[in-house]
$ cat input22.pdb   # PDB, C-alpha atoms
ATOM      1  CA  MET A   4      35.536  11.982  29.832
ATOM      2  CA  THR A   5      33.938  15.117  31.300
ATOM      3  CA  VAL A   6      30.183  15.583  31.373
ATOM      4  CA  ARG A   7      30.471  18.547  29.009
ATOM      5  CA  ALA A   8      32.483  16.528  26.476
ATOM      6  CA  SER A   9      30.022  13.642  26.677
ATOM      7  CA  VAL A  10      27.083  15.948  26.015
ATOM      8  CA  PHE A  11      28.949  17.502  23.085
ATOM      9  CA  LEU A  12      29.667  14.101  21.524
ATOM     10  CA  ARG A  13      26.041  12.986  21.854
ATOM     11  CA  ALA A  14      24.851  16.200  20.218
ATOM     12  CA  ALA A  15      27.351  15.801  17.375
ATOM     13  CA  LEU A  16      26.271  12.208  16.796
ATOM     14  CA  ALA A  17      22.603  13.195  16.716
ATOM     15  CA  GLY A  18      23.409  15.942  14.230
ATOM     16  CA  ALA A  19      25.291  13.515  11.974
ATOM     17  CA  ILE A  20      22.384  11.066  11.999
ATOM     18  CA  ALA A  21      19.928  13.823  11.174
ATOM     19  CA  ALA A  22      22.130  15.019   8.323
ATOM     20  CA  ALA A  23      22.438  11.498   6.930
ATOM     21  CA  ALA A  24      18.698  11.062   7.063
ATOM     22  CA  PHE A  25      18.268  14.316   5.144
ATOM     23  CA  VAL A  26      20.798  13.371   2.468
ATOM     24  CA  LEU A  27      19.840   9.696   2.269
ATOM     25  CA  PRO A  28      16.123   9.512   3.116
ATOM     26  CA  GLY A  29      15.765   5.995   1.727
ATOM     27  CA  VAL A  30      18.095   4.618   4.406
ATOM     28  CA  PHE A  31      15.687   5.674   7.145
ATOM     29  CA  ALA A  32      12.447   5.254   5.200
ATOM     30  CA  SER A  33      11.155   2.265   7.151
ATOM     31  CA  ALA A  34      11.644   4.007  10.488
ATOM     32  CA  GLN A  35       9.677   7.017   9.263
ATOM     33  CA  GLN A  36       6.795   5.031   7.781
ATOM     34  CA  VAL A  37       4.258   5.218  10.562
ATOM     35  CA  ASP A  38       0.499   4.960  10.669
ATOM     36  CA  MET A  39      -1.419   7.938   9.328
ATOM     37  CA  ASN A  40      -4.104   9.216  11.656
ATOM     38  CA  VAL A  41      -6.856   9.117   9.023
ATOM     39  CA  VAL A  42     -10.332   7.672   8.821
ATOM     40  CA  ASP A  43     -12.299   6.445   5.830
ATOM     41  CA  GLN A  44     -14.128   9.122   3.858
ATOM     42  CA  PRO A  45     -17.034   7.510   1.997
ATOM     43  CA  GLY A  46     -18.355   9.903  -0.636
ATOM     44  CA  TYR A  47     -15.177  11.977  -0.887
ATOM     45  CA  VAL A  48     -13.982  12.445  -4.484
ATOM     46  CA  PRO A  49     -10.370  13.684  -4.744
ATOM     47  CA  ALA A  50      -9.264  16.247  -7.296
ATOM     48  CA  PRO A  51      -7.664  14.695 -10.422
ATOM     49  CA  ASP A  52      -4.307  16.322  -9.646
ATOM     50  CA  ASP A  53      -4.268  14.713  -6.200
ATOM     51  CA  GLU A  54      -4.452  11.268  -7.799
ATOM     52  CA  GLN A  55      -1.257  11.799  -9.842
ATOM     53  CA  LEU A  56       1.650  10.376  -7.869
ATOM     54  CA  SER A  57       5.218  11.571  -8.293
ATOM     55  CA  GLY A  58       8.558  10.491  -6.924
ATOM     56  CA  VAL A  59       9.238   7.087  -5.452
ATOM     57  CA  TYR A  60       5.590   5.955  -5.340
ATOM     58  CA  GLU A  61       4.882   6.745  -8.986
ATOM     59  CA  LYS A  62       4.413   3.644 -11.155
ATOM     60  CA  GLN A  63       7.727   2.787 -12.825
ATOM     61  CA  GLU A  64       9.746  -0.093 -14.220
ATOM     62  CA  VAL A  65      12.605  -1.107 -11.934
ATOM     63  CA  PHE A  66      15.305  -3.744 -11.587
ATOM     64  CA  PHE A  67      13.915  -6.612  -9.499
ATOM     65  CA  ARG A  68      15.887  -9.809  -8.968
ATOM     66  CA  THR A  69      13.573 -12.750  -8.294
ATOM     67  CA  SER A  70      13.066 -16.394  -9.152
ATOM     68  CA  GLU A  71       9.308 -15.842  -9.490
ATOM     69  CA  ALA A  72       7.775 -16.168 -12.946
ATOM     70  CA  PRO A  73       6.758 -13.093 -14.931
ATOM     71  CA  GLY A  74       3.201 -12.118 -14.069
ATOM     72  CA  THR A  75       3.612 -12.836 -10.341
ATOM     73  CA  VAL A  76       2.600 -10.080  -7.930
ATOM     74  CA  VAL A  77       4.943  -9.450  -4.997
ATOM     75  CA  ILE A  78       3.838  -7.081  -2.223
ATOM     76  CA  ASP A  79       6.523  -5.602   0.041
ATOM     77  CA  THR A  80       4.557  -4.418   3.067
ATOM     78  CA  SER A  81       7.457  -2.713   4.840
ATOM     79  CA  GLN A  82       8.534  -0.645   1.828
ATOM     80  CA  ARG A  83       4.968   0.080   0.591
ATOM     81  CA  PHE A  84       5.505  -1.304  -2.915
ATOM     82  CA  LEU A  85       3.666  -3.772  -5.128
ATOM     83  CA  TYR A  86       5.751  -5.403  -7.867
ATOM     84  CA  LEU A  87       4.402  -7.042 -11.001
ATOM     85  CA  VAL A  88       7.249  -9.298 -12.152
ATOM     86  CA  GLN A  89       8.418  -8.821 -15.746
ATOM     87  CA  PRO A  90      10.990 -10.824 -17.772
ATOM     88  CA  ASN A  91      14.746 -10.252 -17.404
ATOM     89  CA  ASN A  92      14.830  -9.244 -13.733
ATOM     90  CA  ARG A  93      12.509  -6.286 -14.212
ATOM     91  CA  ALA A  94       9.212  -5.401 -12.554
ATOM     92  CA  LEU A  95       6.532  -2.758 -12.674
ATOM     93  CA  ARG A  96       6.526  -1.117  -9.256
ATOM     94  CA  TYR A  97       3.460   0.585  -7.793
ATOM     95  CA  GLY A  98       3.232   2.623  -4.605
ATOM     96  CA  ILE A  99       0.663   1.251  -2.156
ATOM     97  CA  GLY A 100      -0.933   1.852   1.211
ATOM     98  CA  VAL A 101      -0.853  -1.106   3.612
ATOM     99  CA  GLY A 102      -2.404  -2.299   6.869
ATOM    100  CA  ARG A 103      -1.834  -0.243   9.980
ATOM    101  CA  ASP A 104      -0.008  -1.728  12.973
ATOM    102  CA  GLY A 105      -1.781  -4.894  14.047
ATOM    103  CA  PHE A 106      -3.382  -5.421  10.612
ATOM    104  CA  GLN A 107      -0.321  -6.325   8.549
ATOM    105  CA  TRP A 108       0.112  -9.889   7.370
ATOM    106  CA  SER A 109       2.105 -12.087   5.015
ATOM    107  CA  GLY A 110       1.477 -15.193   2.975
ATOM    108  CA  LEU A 111       0.762 -16.670  -0.425
ATOM    109  CA  GLN A 112      -2.562 -16.107  -2.177
ATOM    110  CA  ARG A 113      -4.028 -16.069  -5.660
ATOM    111  CA  ILE A 114      -6.378 -13.566  -7.205
ATOM    112  CA  SER A 115      -9.747 -15.281  -6.933
ATOM    113  CA  ARG A 116     -11.986 -12.588  -8.389
ATOM    114  CA  LYS A 117     -11.837  -9.183 -10.087
ATOM    115  CA  GLN A 118     -14.426  -6.440  -9.903
ATOM    116  CA  GLU A 119     -14.817  -3.059 -11.583
ATOM    117  CA  TRP A 120     -16.172  -0.298  -9.330
ATOM    118  CA  PRO A 121     -16.799  -2.693  -6.434
ATOM    119  CA  ASP A 122     -19.461  -2.169  -3.781
ATOM    120  CA  TRP A 123     -18.209  -1.571  -0.246
ATOM    121  CA  ARG A 124     -19.438  -3.375   2.861
ATOM    122  CA  PRO A 125     -17.267  -2.383   5.831
ATOM    123  CA  PRO A 126     -16.546  -5.390   8.077
ATOM    124  CA  PRO A 127     -17.829  -5.336  11.678
ATOM    125  CA  GLU A 128     -14.347  -4.611  13.037
ATOM    126  CA  MET A 129     -14.127  -1.455  10.938
ATOM    127  CA  ILE A 130     -17.620  -0.326  11.917
ATOM    128  CA  GLU A 131     -16.729  -0.849  15.568
ATOM    129  CA  ARG A 132     -13.808   1.569  15.170
ATOM    130  CA  GLN A 133     -15.748   3.996  12.952
ATOM    131  CA  PRO A 134     -19.473   3.703  13.847
ATOM    132  CA  TYR A 135     -20.454   6.473  11.426
ATOM    133  CA  LEU A 136     -19.579   4.367   8.366
ATOM    134  CA  PRO A 137     -22.397   3.220   6.089
ATOM    135  CA  ARG A 138     -23.174  -0.500   6.165
ATOM    136  CA  PHE A 139     -23.217  -0.553   2.359
ATOM    137  CA  MET A 140     -22.029   1.780  -0.385
ATOM    138  CA  ALA A 141     -22.500   1.137  -4.101
ATOM    139  CA  GLY A 142     -19.455   1.275  -6.334
ATOM    140  CA  GLY A 143     -18.529   4.532  -8.010
ATOM    141  CA  PRO A 144     -16.482   7.697  -7.487
ATOM    142  CA  GLY A 145     -16.177   8.388  -3.784
ATOM    143  CA  ASN A 146     -16.267   4.704  -2.853
ATOM    144  CA  PRO A 147     -13.317   3.838  -0.544
ATOM    145  CA  LEU A 148     -12.547   0.732  -2.659
ATOM    146  CA  GLY A 149     -11.930   2.914  -5.688
ATOM    147  CA  ALA A 150     -12.191   1.931  -9.329
ATOM    148  CA  ARG A 151     -11.136  -1.730  -9.157
ATOM    149  CA  ALA A 152     -10.707  -4.588  -6.697
ATOM    150  CA  LEU A 153      -8.728  -7.819  -6.953
ATOM    151  CA  TYR A 154      -9.790 -10.311  -4.283
ATOM    152  CA  LEU A 155      -7.123 -12.399  -2.550
ATOM    153  CA  GLY A 156      -8.119 -16.062  -2.253
ATOM    154  CA  GLN A 157     -10.886 -16.707   0.267
ATOM    155  CA  THR A 158      -9.671 -13.975   2.625
ATOM    156  CA  ILE A 159     -11.464 -10.696   3.341
ATOM    157  CA  TYR A 160      -8.506  -8.826   1.850
ATOM    158  CA  ARG A 161      -8.201  -7.113  -1.529
ATOM    159  CA  ILE A 162      -5.901  -5.111  -3.704
ATOM    160  CA  HIS A 163      -8.063  -2.116  -4.539
ATOM    161  CA  GLY A 164      -8.224   1.538  -5.469
ATOM    162  CA  THR A 165      -8.842   4.407  -3.087
ATOM    163  CA  ASN A 166     -10.499   7.791  -2.798
ATOM    164  CA  GLN A 167      -7.688   8.881  -0.443
ATOM    165  CA  PRO A 168      -4.579   9.164  -2.643
ATOM    166  CA  GLN A 169      -2.675  10.907   0.148
ATOM    167  CA  THR A 170      -2.527   7.595   2.025
ATOM    168  CA  ILE A 171      -0.261   5.889  -0.529
ATOM    169  CA  GLY A 172       3.043   5.045   1.129
ATOM    170  CA  HIS A 173       1.481   4.797   4.583
ATOM    171  CA  ALA A 174       0.101   2.154   6.945
ATOM    172  CA  VAL A 175      -3.582   3.021   7.093
ATOM    173  CA  SER A 176      -5.870   0.129   6.166
ATOM    174  CA  SER A 177      -7.441  -2.844   7.921
ATOM    175  CA  GLY A 178      -5.235  -5.275   5.986
ATOM    176  CA  CYS A 179      -6.028  -4.518   2.332
ATOM    177  CA  PHE A 180      -3.566  -3.004  -0.140
ATOM    178  CA  ARG A 181      -4.606   0.235  -1.838
ATOM    179  CA  LEU A 182      -3.379   1.964  -4.995
ATOM    180  CA  VAL A 183      -4.458   5.190  -6.654
ATOM    181  CA  ASN A 184      -7.209   4.543  -9.178
ATOM    182  CA  ASP A 185      -5.079   4.942 -12.314
ATOM    183  CA  ASP A 186      -2.604   2.391 -10.963
ATOM    184  CA  VAL A 187      -5.179  -0.160  -9.854
ATOM    185  CA  ILE A 188      -6.882   0.064 -13.253
ATOM    186  CA  ASP A 189      -3.515  -0.546 -14.921
ATOM    187  CA  LEU A 190      -2.780  -3.530 -12.662
ATOM    188  CA  PHE A 191      -6.328  -4.887 -13.079
ATOM    189  CA  ASP A 192      -5.901  -4.945 -16.863
ATOM    190  CA  ARG A 193      -2.549  -6.745 -16.644
ATOM    191  CA  VAL A 194      -3.257  -9.635 -14.251
ATOM    192  CA  PRO A 195      -5.859 -12.410 -14.687
ATOM    193  CA  VAL A 196      -7.779 -14.380 -12.092
ATOM    194  CA  GLY A 197      -5.459 -17.059 -10.727
ATOM    195  CA  THR A 198      -2.408 -14.787 -10.532
ATOM    196  CA  LYS A 199       0.001 -15.732  -7.743
ATOM    197  CA  VAL A 200       0.350 -13.033  -5.062
ATOM    198  CA  ILE A 201       3.176 -13.107  -2.501
ATOM    199  CA  ILE A 202       2.794 -10.820   0.518
ATOM    200  CA  ARG A 203       6.049 -10.150   2.372
ATOM    201  CA  GLN A 204       6.349  -8.508   5.768
ATOM    202  CA  ALA A 205       9.715  -7.601   7.200
ATOM    203  CA  VAL A 206      10.601  -9.257  10.509
ATOM    204  CA  ALA A 207      10.743  -6.716  13.343
ATOM    205  CA  LEU A 208      14.164  -6.508  14.990
TER     206      LEU A 208
END
$ encode --input "input22.pdb" --output "structure tokens"
Amino acid sequence: MTVRASVFLRAALAGAIAAAAFVLPGVFASAQQVDMNVVDQPGYVPAPDDEQLSGVYEKQEVFFRTSEAPGTVVIDTSQRFLYLVQPNNRALRYGIGVGRDGFQWSGLQRISRKQEWPDWRPPPEMIERQPYLPRFMAGGPGNPLGARALYLGQTIYRIHGTNQPQTIGHAVSSGCFRLVNDDVIDLFDRVPVGTKVIIRQAVAL
């Protein structure tokens, strides 16, 4: 094969892959889901329209085959979804933000506590990365934990709201799972303390 022909074939293959990614974005979603270069914004209050999700990350009922009992929460870290299992192979699916590279994890937990408008105390690791952060911030609009928090076992991690709705669907946090405020309020009202939470992380190939 000549050098010119080889270059042509490589270019054609790259073009076909790019076209497939444009037509079928879901096929390449995991490869495109990278960390957002954002920092926490304590005190920032987003506009109401910015908190209304649309498209794939909007809360919706979906088909979800599982052997887990209705009421179980299943978090798919790689796809950025939280599922609340419903009867008959259905689930309520919420778009979430997850831990950035190095802060993702998996396991089995239970909701140990629930809090409306939680206070925020950034852990030392977060303050080390962002020294400007306050050491304490009372709950309320503009609090990075948002309108609700569901605490996971005895860990430092939570399912919580956010004042940065643009981060949903991205890997941005220090290990917690964030939803827009309307969604976390909805989830908070549906699940009691003691709810089983399964966190799944795809194995890197």
$ atom_distance --input "input22.pdb" --atom1 "atom CA of Asp79 of chain A" --atom2 "atom CA of Leu190 of chain A"
15.9 Å
$ atom_distance --input "input22.pdb" --atom1 "atom CA of Gln118 of chain A" --atom2 "atom CA of Leu153 of chain A"
6.6 Å
$ resolve_selection --input "input22.pdb" --expression "the PyMOL selection byres ((chain A and resi 83) around 9)" --output "list in words"
Gln36, Tyr60, Ile78, Asp79, Thr80, Ser81, Gln82, Phe84, Leu85, Tyr97, Gly98, Ile99, Gly100, Val101, Ile171, Gly172, His173 and Ala174 of chain A
$ resolve_selection --input "input22.pdb" --expression "the PyMOL selection byres ((chain A and resi 184) around 8)" --output "list in words"
Glu54, Gly149, Ala150, Arg151, Gly164, Thr165, Asn166, Leu182, Val183, Asp185, Asp186, Val187 and Ile188 of chain A
$ write_last_selection --input "input22.pdb" --atoms "C-alpha atoms" --output "PDB file, in the coordinates of the input"
ATOM      1  CA  GLU A  54      -4.452  11.268  -7.799  1.00  0.00           C
ATOM      2  CA  GLY A 149     -11.930   2.914  -5.688  1.00  0.00           C
ATOM      3  CA  ALA A 150     -12.191   1.931  -9.329  1.00  0.00           C
ATOM      4  CA  ARG A 151     -11.136  -1.730  -9.157  1.00  0.00           C
ATOM      5  CA  GLY A 164      -8.224   1.538  -5.469  1.00  0.00           C
ATOM      6  CA  THR A 165      -8.842   4.407  -3.087  1.00  0.00           C
ATOM      7  CA  ASN A 166     -10.499   7.791  -2.798  1.00  0.00           C
ATOM      8  CA  LEU A 182      -3.379   1.964  -4.995  1.00  0.00           C
ATOM      9  CA  VAL A 183      -4.458   5.190  -6.654  1.00  0.00           C
ATOM     10  CA  ASP A 185      -5.079   4.942 -12.314  1.00  0.00           C
ATOM     11  CA  ASP A 186      -2.604   2.391 -10.963  1.00  0.00           C
ATOM     12  CA  VAL A 187      -5.179  -0.160  -9.854  1.00  0.00           C
ATOM     13  CA  ILE A 188      -6.882   0.064 -13.253  1.00  0.00           C
TER      14      ILE A 188
END
$ resolve_selection --input "input22.pdb" --expression "the PyMOL selection byres ((chain A and resi 146) around 8)" --output "PyMOL selection string"
chain A and resi 45-47+122-123+140-145+147-149+165-166
$ atom_distance --input "input22.pdb" --atom1 "atom CA of Arg203 of chain A" --atom2 "atom CA of Gly110 of chain A"
6.8 Å
$ residues_near_point --input "input22.pdb" --point "(-4.3, -12.0, 0.0)" --cutoff "10 Å" --atoms "all atoms listed in the file" --output "PyMOL selection string"
chain A and resi 78+108-115+153-162+178-180+199-202
$ closest_residue --input "input22.pdb" --among "A:Val194, A:Val175, A:Val88, A:Ile130" --to "Arg68 of chain A" --atoms "all atoms listed in the file"
A:Val88
$ build_atoms --input "input22.pdb" --residues "segment 190-201 of chain A" --atoms "all heavy atoms" --output "CSV table (one decimal), keeping the file's coordinate frame"
chain,number,residue,atom,x,y,z
A,190,LEU,N,-3.1,-2.2,-13.2
A,190,LEU,CA,-2.8,-3.5,-12.7
A,190,LEU,C,-3.9,-4.5,-13.0
A,190,LEU,O,-3.7,-5.6,-13.4
A,190,LEU,CB,-2.6,-3.5,-11.1
A,190,LEU,CG,-2.3,-4.8,-10.5
A,190,LEU,CD1,-0.9,-5.3,-10.9
A,190,LEU,CD2,-2.3,-4.6,-8.9
A,191,PHE,N,-5.1,-4.1,-12.8
A,191,PHE,CA,-6.3,-4.9,-13.1
A,191,PHE,C,-6.3,-5.4,-14.5
A,191,PHE,O,-6.7,-6.6,-14.8
A,191,PHE,CB,-7.6,-4.0,-12.8
A,191,PHE,CG,-8.9,-4.7,-13.0
A,191,PHE,CD1,-9.6,-5.2,-11.8
A,191,PHE,CD2,-9.5,-4.9,-14.2
A,191,PHE,CE1,-10.8,-5.8,-12.0
A,191,PHE,CE2,-10.7,-5.5,-14.3
A,191,PHE,CZ,-11.4,-6.0,-13.2
A,192,ASP,N,-5.9,-4.6,-15.5
A,192,ASP,CA,-5.9,-4.9,-16.9
A,192,ASP,C,-4.7,-5.9,-17.2
A,192,ASP,O,-4.8,-6.5,-18.2
A,192,ASP,CB,-5.8,-3.7,-17.7
A,192,ASP,CG,-7.1,-2.9,-17.7
A,192,ASP,OD1,-8.1,-3.4,-17.3
A,192,ASP,OD2,-7.0,-1.7,-18.1
A,193,ARG,N,-3.7,-5.9,-16.4
A,193,ARG,CA,-2.5,-6.7,-16.6
A,193,ARG,C,-2.6,-8.1,-16.0
A,193,ARG,O,-1.9,-9.0,-16.5
A,193,ARG,CB,-1.3,-6.0,-16.1
A,193,ARG,CG,-0.9,-4.7,-16.9
A,193,ARG,CD,0.3,-4.1,-16.2
A,193,ARG,NE,0.6,-2.8,-16.8
A,193,ARG,CZ,1.4,-2.6,-17.9
A,193,ARG,NH1,2.0,-3.7,-18.4
A,193,ARG,NH2,1.6,-1.4,-18.4
A,194,VAL,N,-3.3,-8.3,-15.0
A,194,VAL,CA,-3.3,-9.6,-14.3
A,194,VAL,C,-4.6,-10.4,-14.3
A,194,VAL,O,-5.6,-9.8,-14.0
A,194,VAL,CB,-2.8,-9.5,-12.8
A,194,VAL,CG1,-1.4,-8.9,-12.7
A,194,VAL,CG2,-3.8,-8.6,-12.0
A,195,PRO,N,-4.6,-11.6,-14.6
A,195,PRO,CA,-5.9,-12.4,-14.7
A,195,PRO,C,-6.2,-13.0,-13.3
A,195,PRO,O,-5.3,-13.1,-12.4
A,195,PRO,CB,-5.5,-13.5,-15.7
A,195,PRO,CG,-4.1,-13.7,-15.5
A,195,PRO,CD,-3.5,-12.4,-15.2
A,196,VAL,N,-7.4,-13.5,-13.2
A,196,VAL,CA,-7.8,-14.4,-12.1
A,196,VAL,C,-6.8,-15.6,-12.1
A,196,VAL,O,-6.5,-16.2,-13.1
A,196,VAL,CB,-9.2,-14.8,-12.2
A,196,VAL,CG1,-9.6,-15.9,-11.2
A,196,VAL,CG2,-10.2,-13.6,-12.0
A,197,GLY,N,-6.4,-16.0,-10.9
A,197,GLY,CA,-5.5,-17.1,-10.7
A,197,GLY,C,-4.0,-16.6,-10.5
A,197,GLY,O,-3.2,-17.4,-10.2
A,198,THR,N,-3.8,-15.3,-10.7
A,198,THR,CA,-2.4,-14.8,-10.5
A,198,THR,C,-1.9,-15.0,-9.1
A,198,THR,O,-2.6,-14.8,-8.1
A,198,THR,CB,-2.4,-13.3,-10.8
A,198,THR,OG1,-2.7,-13.1,-12.2
A,198,THR,CG2,-1.0,-12.7,-10.5
A,199,LYS,N,-0.7,-15.5,-9.0
A,199,LYS,CA,0.0,-15.7,-7.7
A,199,LYS,C,0.4,-14.4,-7.1
A,199,LYS,O,0.9,-13.5,-7.8
A,199,LYS,CB,1.3,-16.6,-8.0
A,199,LYS,CG,2.0,-16.9,-6.7
A,199,LYS,CD,3.3,-17.8,-7.1
A,199,LYS,CE,4.1,-18.2,-5.9
A,199,LYS,NZ,5.3,-19.0,-6.4
A,200,VAL,N,0.1,-14.3,-5.8
A,200,VAL,CA,0.4,-13.0,-5.1
A,200,VAL,C,1.1,-13.4,-3.8
A,200,VAL,O,0.6,-14.2,-3.0
A,200,VAL,CB,-0.9,-12.3,-4.7
A,200,VAL,CG1,-0.6,-11.0,-3.9
A,200,VAL,CG2,-1.8,-11.9,-5.9
A,201,ILE,N,2.3,-12.9,-3.7
A,201,ILE,CA,3.2,-13.1,-2.5
A,201,ILE,C,3.2,-11.8,-1.7
A,201,ILE,O,3.6,-10.8,-2.1
A,201,ILE,CB,4.6,-13.5,-2.9
A,201,ILE,CG1,4.6,-14.7,-3.8
A,201,ILE,CG2,5.5,-13.7,-1.7
A,201,ILE,CD1,5.9,-15.0,-4.5
